[in-house]
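In what follows, a single structure is set out as structure tokens and then discussed.
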Amino acid sequence: MTEPVPTCQLKITLRDTSPPIWRRVTLPADTSLARLHDIIQACFGWDGSHLHAFTEPGSGRQFPGFSAPPDHGPRPGSDEEATSLAEVLPYEGSRLEYTYDFGDDWRHQIILEKTLPASAGERRVHCTGGRRAMPAAEDLGGAWGLQAVLDALADRNAPACEPWTGLAGTLREEGFDPTAFDREALDRELAAFDPQPPTAAPAAKTAPGRPAAAPGGHLCFCGEAHDDQDLDLDTEFLPVRPVSLAPRADLAATAREVPPVNAALRLARWCQDGRAVTSRDVLKPTLGRAAVQELGLWARDDELSALQPAQRETRLARLRSSGDLPCLDHPWTLALCTDLVEIRSGTARPGTGLSTAETDEGVLDLWSTALAAELDELDNLAALGLPPVLLAALGMQDEDATGLTAAALRALYEVPDDEWLDTTLLVEALRSNLPPHEARLIELLLLQILDQAALILADYQAADAETSPETGQTHHHIVLDILGVKGTPDSSDDTPLPGTRLRLTPLGRHGLREYLLDQGVPAPLIGELADADAPTLLEALLDYDPASAHTEITGWINHRGQGPAAVQLIDACAGLEPDTALRRLSAAPALAELSEPRALAVLRKAAASQVPGCAQSAAIALAGRGETPEGHGPELQLWGLIDQLWGPLGLADEALAEFLDQERDEVIPLLEQTADDLWRCDHPATRAVLEAAGRHLKTRDKVLAKRLRKSATKAGSQRRQ
């Protein structure tokens, strides 16, 4: 006969509800956490359609109700099937957290109120108390949505905010009473639950066929062993494409009307005569209510804006702290952080930053600073709303997403004006070449970042945003897929799922440029090179797209005149080193723009000179105009082709391969025409270029590759003679 065990009396409270919704239950101390999950589901009317987890508040130890990826678990004591109440609630007053639905984040606090003596009676679960009824709240949006519905039911004249209007109306028609709680009905329901004790804990082991992690490494959820390192995305900060910005005055005028900035400025002016604040540096409640009404801040609150004036005043009268109202707290915090408001001796007055913010440059700096501060938060996984239990199961830390926000926002910045960023294409590009499960994780992180960024950018009028109605469901499916939960809807790693679309506004392009510059990303402006010398111009143009390069070149030439421009460009082409060969790549389209007699005279003089690099560049430019430069024959084309490939090869072997791929429509036909004669070219890099080109083209065109290698051999023999 099984020995009797003590009985636990638990109080389970649904967090963030006011008045609180709670239930009191009794059950054997050896009941498993898995069975407690079932009991909580019944107590609060959940249907079990989402993930859940238990957490010890002190240690942070997780007891997820799903299987973590094989390399991350199970850990001793982390299996809810193998853990009893007595193990996690050892004494009266002990606490445990239960989270259900990691999207809505329903959090329940469990407290062991009493440990009752062991009884030889039947093992069963009882409900001995509780407060307030619980409506059907699955997928309601969390405690905030529930509170909105309950508030609407409490005040029958107050409509519920969207999207809860329909539910509130249905509950009114059904006569739902939030204050009622039927203890006896719940007790009868709980009687059907067998308070099962824990099962044997499964032994931690490596799955068959999985490699063992090396010391200092870990088994990745992709199934491979890796050294410990952050997610390796190719986010090297090369320059972004150059852009043009709207006039500063126009940007400043728009920034002044951005709701958070406009509200912060008006709050600062409102404090002109001094306003009393609490010890927490927020306005005293009476003044907070006055600010919301007088400045019309309520218009930024969905609930308050849906009310009639008298109802709004009644609702505001319940305000206990000015910090509890986002439409006031957000601009107030912004005003304090940017010195629009300063507090001394318990009184708030306009700060030193207000006069600066009244200028065009000042308000743009204010707007950019506020936007960047919120975007910086997205580098912290905790700010993305990801389930803590997911991060724990994957062994991730809050800072592990560092760099992903910059990568996502960089992609948005690269999109041309008036065009949308297609999230699915971005995700596909950034997760390519990653193992499937790691790619899934990158997809989830990017979608979360873009969703949060969309809210921030839209609030600051930096972008137009469109969110797919399937976004929330998509994220949920990805979470399940990462965790390997069985029975999830079929999804393919090869098929990106819909997410948020974004389109930058002119003000947003300015703001993201400032953000990227702070992140160390070069973000050039078209026209900013007008005063640069020729070498600086030509090196910068290597990262420009053709249209932007043409605009920059035209402006640069017009700024100094064609004659002086020709002299500076030709001088920058001198030398046969790889870096000067790269300059000559950029100089070719610039020299092609020259047409005035003085400029052409400069080119003819340079072509006739014996200066390596200068002579050939000038001669090639003149040949492009139909002239036959004196002293240069058919070999000029060969020299130009070798020099064109020498610049990328001088950077790295991979750079030449990339150049051949990007310029294949122009370069490959030239190589095919001249491969058998290129060995005759007197360029010092001829042999090196032909050997490298032969290697890289071997898999694409074996015949051409063989011709180039043969030509390289001849070039080597010629040099030895």
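How things are named: the first chain in the structure tokens is A, the next is B, and so on; residues count from 1 in each chain; ligands count from 1 in the order shown.
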
Got a sec to tell me which of range 552-646 of chain A DSSP assigns to helix (DSSP H, G or I), as an MDAnalysis selection string?
-> chainID A and resid 552:560 562:571 578:592 597:607 614:624 635:646

Quick one: everything within 10 Å of Asp418 in chain A, counting only C-alpha atoms, minus sequence neighbours fewer than 5 positions away in the same chain. Send it as a PyMOL selection string.
-> chain A and resi 464+503-506

Taking only C-alpha atoms into account, which of A:Thr99, A:Thr165, A:Ser586, A:Thr347 comes nearest Gln41 in chain A?
-> A:Thr99

Hey, what's within 7 Å of range 10-23 of chain A if we count only C-alpha atoms and toss same-chain stuff fewer than 6 positions away? As a PyMOL selection string, please?
-> chain A and resi 43+107-113+129-132+143+147

Residue subset to file, keeping N, CA, C and O atoms, as a PDB file, in the first residue's frame:
ATOM      1  N   CYS A  43      -8.496  25.409 -14.478  1.00  0.00           N
ATOM      2  CA  CYS A  43      -8.840  26.502 -13.562  1.00  0.00           C
ATOM      3  C   CYS A  43      -9.111  27.811 -14.291  1.00  0.00           C
ATOM      4  O   CYS A  43      -9.937  28.620 -13.854  1.00  0.00           O
ATOM      5  N   ARG A 107       0.928  34.817 -17.696  1.00  0.00           N
ATOM      6  CA  ARG A 107       1.802  34.425 -16.589  1.00  0.00           C
ATOM      7  C   ARG A 107       0.973  34.190 -15.329  1.00  0.00           C
ATOM      8  O   ARG A 107       0.142  35.022 -14.962  1.00  0.00           O
ATOM      9  N   HIS A 108       1.212  33.056 -14.676  1.00  0.00           N
ATOM     10  CA  HIS A 108       0.485  32.677 -13.474  1.00  0.00           C
ATOM     11  C   HIS A 108       1.473  32.532 -12.314  1.00  0.00           C
ATOM     12  O   HIS A 108       2.512  31.882 -12.460  1.00  0.00           O
ATOM     13  N   GLN A 109       1.156  33.118 -11.201  1.00  0.00           N
ATOM     14  CA  GLN A 109       1.994  32.970 -10.000  1.00  0.00           C
ATOM     15  C   GLN A 109       1.395  31.875  -9.114  1.00  0.00           C
ATOM     16  O   GLN A 109       0.200  31.892  -8.796  1.00  0.00           O
ATOM     17  N   ILE A 110       2.243  30.927  -8.735  1.00  0.00           N
ATOM     18  CA  ILE A 110       1.807  29.805  -7.891  1.00  0.00           C
ATOM     19  C   ILE A 110       2.505  29.926  -6.541  1.00  0.00           C
ATOM     20  O   ILE A 110       3.742  29.984  -6.482  1.00  0.00           O
ATOM     21  N   ILE A 111       1.735  29.977  -5.464  1.00  0.00           N
ATOM     22  CA  ILE A 111       2.294  30.089  -4.114  1.00  0.00           C
ATOM     23  C   ILE A 111       1.817  28.902  -3.277  1.00  0.00           C
ATOM     24  O   ILE A 111       0.625  28.570  -3.275  1.00  0.00           O
ATOM     25  N   LEU A 112       2.769  28.267  -2.583  1.00  0.00           N
ATOM     26  CA  LEU A 112       2.408  27.212  -1.629  1.00  0.00           C
ATOM     27  C   LEU A 112       1.986  27.896  -0.330  1.00  0.00           C
ATOM     28  O   LEU A 112       2.814  28.391   0.424  1.00  0.00           O
ATOM     29  N   GLU A 113       0.668  27.958  -0.108  1.00  0.00           N
ATOM     30  CA  GLU A 113       0.163  28.642   1.089  1.00  0.00           C
ATOM     31  C   GLU A 113       0.326  27.779   2.341  1.00  0.00           C
ATOM     32  O   GLU A 113       0.742  28.270   3.394  1.00  0.00           O
ATOM     33  N   GLY A 129     -11.359  27.532  -3.287  1.00  0.00           N
ATOM     34  CA  GLY A 129     -11.655  28.958  -3.301  1.00  0.00           C
ATOM     35  C   GLY A 129     -11.229  29.595  -4.616  1.00  0.00           C
ATOM     36  O   GLY A 129     -10.616  28.968  -5.483  1.00  0.00           O
ATOM     37  N   GLY A 130     -11.564  30.862  -4.764  1.00  0.00           N
ATOM     38  CA  GLY A 130     -11.205  31.586  -5.971  1.00  0.00           C
ATOM     39  C   GLY A 130     -11.923  32.913  -6.036  1.00  0.00           C
ATOM     40  O   GLY A 130     -12.791  33.218  -5.213  1.00  0.00           O
ATOM     41  N   ARG A 131     -11.539  33.727  -7.027  1.00  0.00           N
ATOM     42  CA  ARG A 131     -12.176  35.028  -7.178  1.00  0.00           C
ATOM     43  C   ARG A 131     -12.267  35.386  -8.641  1.00  0.00           C
ATOM     44  O   ARG A 131     -11.316  35.204  -9.393  1.00  0.00           O
ATOM     45  N   ARG A 132     -13.401  35.850  -9.047  1.00  0.00           N
ATOM     46  CA  ARG A 132     -13.709  36.382 -10.366  1.00  0.00           C
ATOM     47  C   ARG A 132     -13.710  35.296 -11.436  1.00  0.00           C
ATOM     48  O   ARG A 132     -12.941  34.347 -11.405  1.00  0.00           O
ATOM     49  N   ALA A 143      -2.769  39.725 -21.062  1.00  0.00           N
ATOM     50  CA  ALA A 143      -3.491  40.329 -19.944  1.00  0.00           C
ATOM     51  C   ALA A 143      -4.027  41.704 -20.288  1.00  0.00           C
ATOM     52  O   ALA A 143      -5.075  42.119 -19.799  1.00  0.00           O
ATOM     53  N   GLN A 147      -7.839  42.766 -19.844  1.00  0.00           N
ATOM     54  CA  GLN A 147      -8.233  43.889 -19.000  1.00  0.00           C
ATOM     55  C   GLN A 147      -9.128  44.861 -19.759  1.00  0.00           C
ATOM     56  O   GLN A 147     -10.081  45.420 -19.208  1.00  0.00           O
TER      57      GLN A 147
END

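When only C-alpha atoms are used to measure the gap to Thr314 in chain A, the shortest distance among A:Gln293, A:Ala608, A:Asp301, A:Arg269 belongs to A:Gln293.
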
Check the smallest atom-to-atom distance from each of A:Leu516, A:Ile557, A:Ala581, A:Ala185 to Leu542 in chain A using only C-alpha atoms, then report the winner.
->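 Nearest to Leu542 in chain A: A:Ala581.
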
Any idea what's packed within 6 Å of range 251-253 of chain A, counting only C-alpha atoms, ignoring anything in its chain fewer than 3 positions away? Could you give it as an MDAnalysis selection string?
-> chainID A and resid 248 256 360 364 507

With only C-alpha atoms as the basis for distance, which of A:Asp531, A:Glu443, A:Asp661, A:Asp571 is at the shortest distance from Ala618 in chain A?
-> A:Asp571

Quick one: residues within 12 Å of Asn558 in chain A, only C-alpha atoms counted, chain neighbours fewer than 4 positions away excluded, as a PyMOL selection string?
-> chain A and resi 527+530-531+551-554+562-566+590+593-594+596

Could you pull the residues within 12 Å of Leu656 in chain A, counting only C-alpha atoms, minus those fewer than 4 positions along the same chain, as an NGL selection string?
-> :A and (578 or 582 or 642-652 or 660-664 or 667 or 688-697)

Option closest in space to Glu189 in chain A, from A:Glu56, A:Leu85, A:Ile39, A:Arg300 [counting only C-alpha atoms] | A:Ile39

CA of His50 in chain A to CA of Thr467 in chain A, straight-line distance in Å |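 Those two atoms sit 22.3 Å apart.
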
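Proximity of A:Arg583, A:His510, A:Arg123, A:Arg275 to Thr7 in chain A, computed with only C-alpha atoms, is greatest for A:Arg123.
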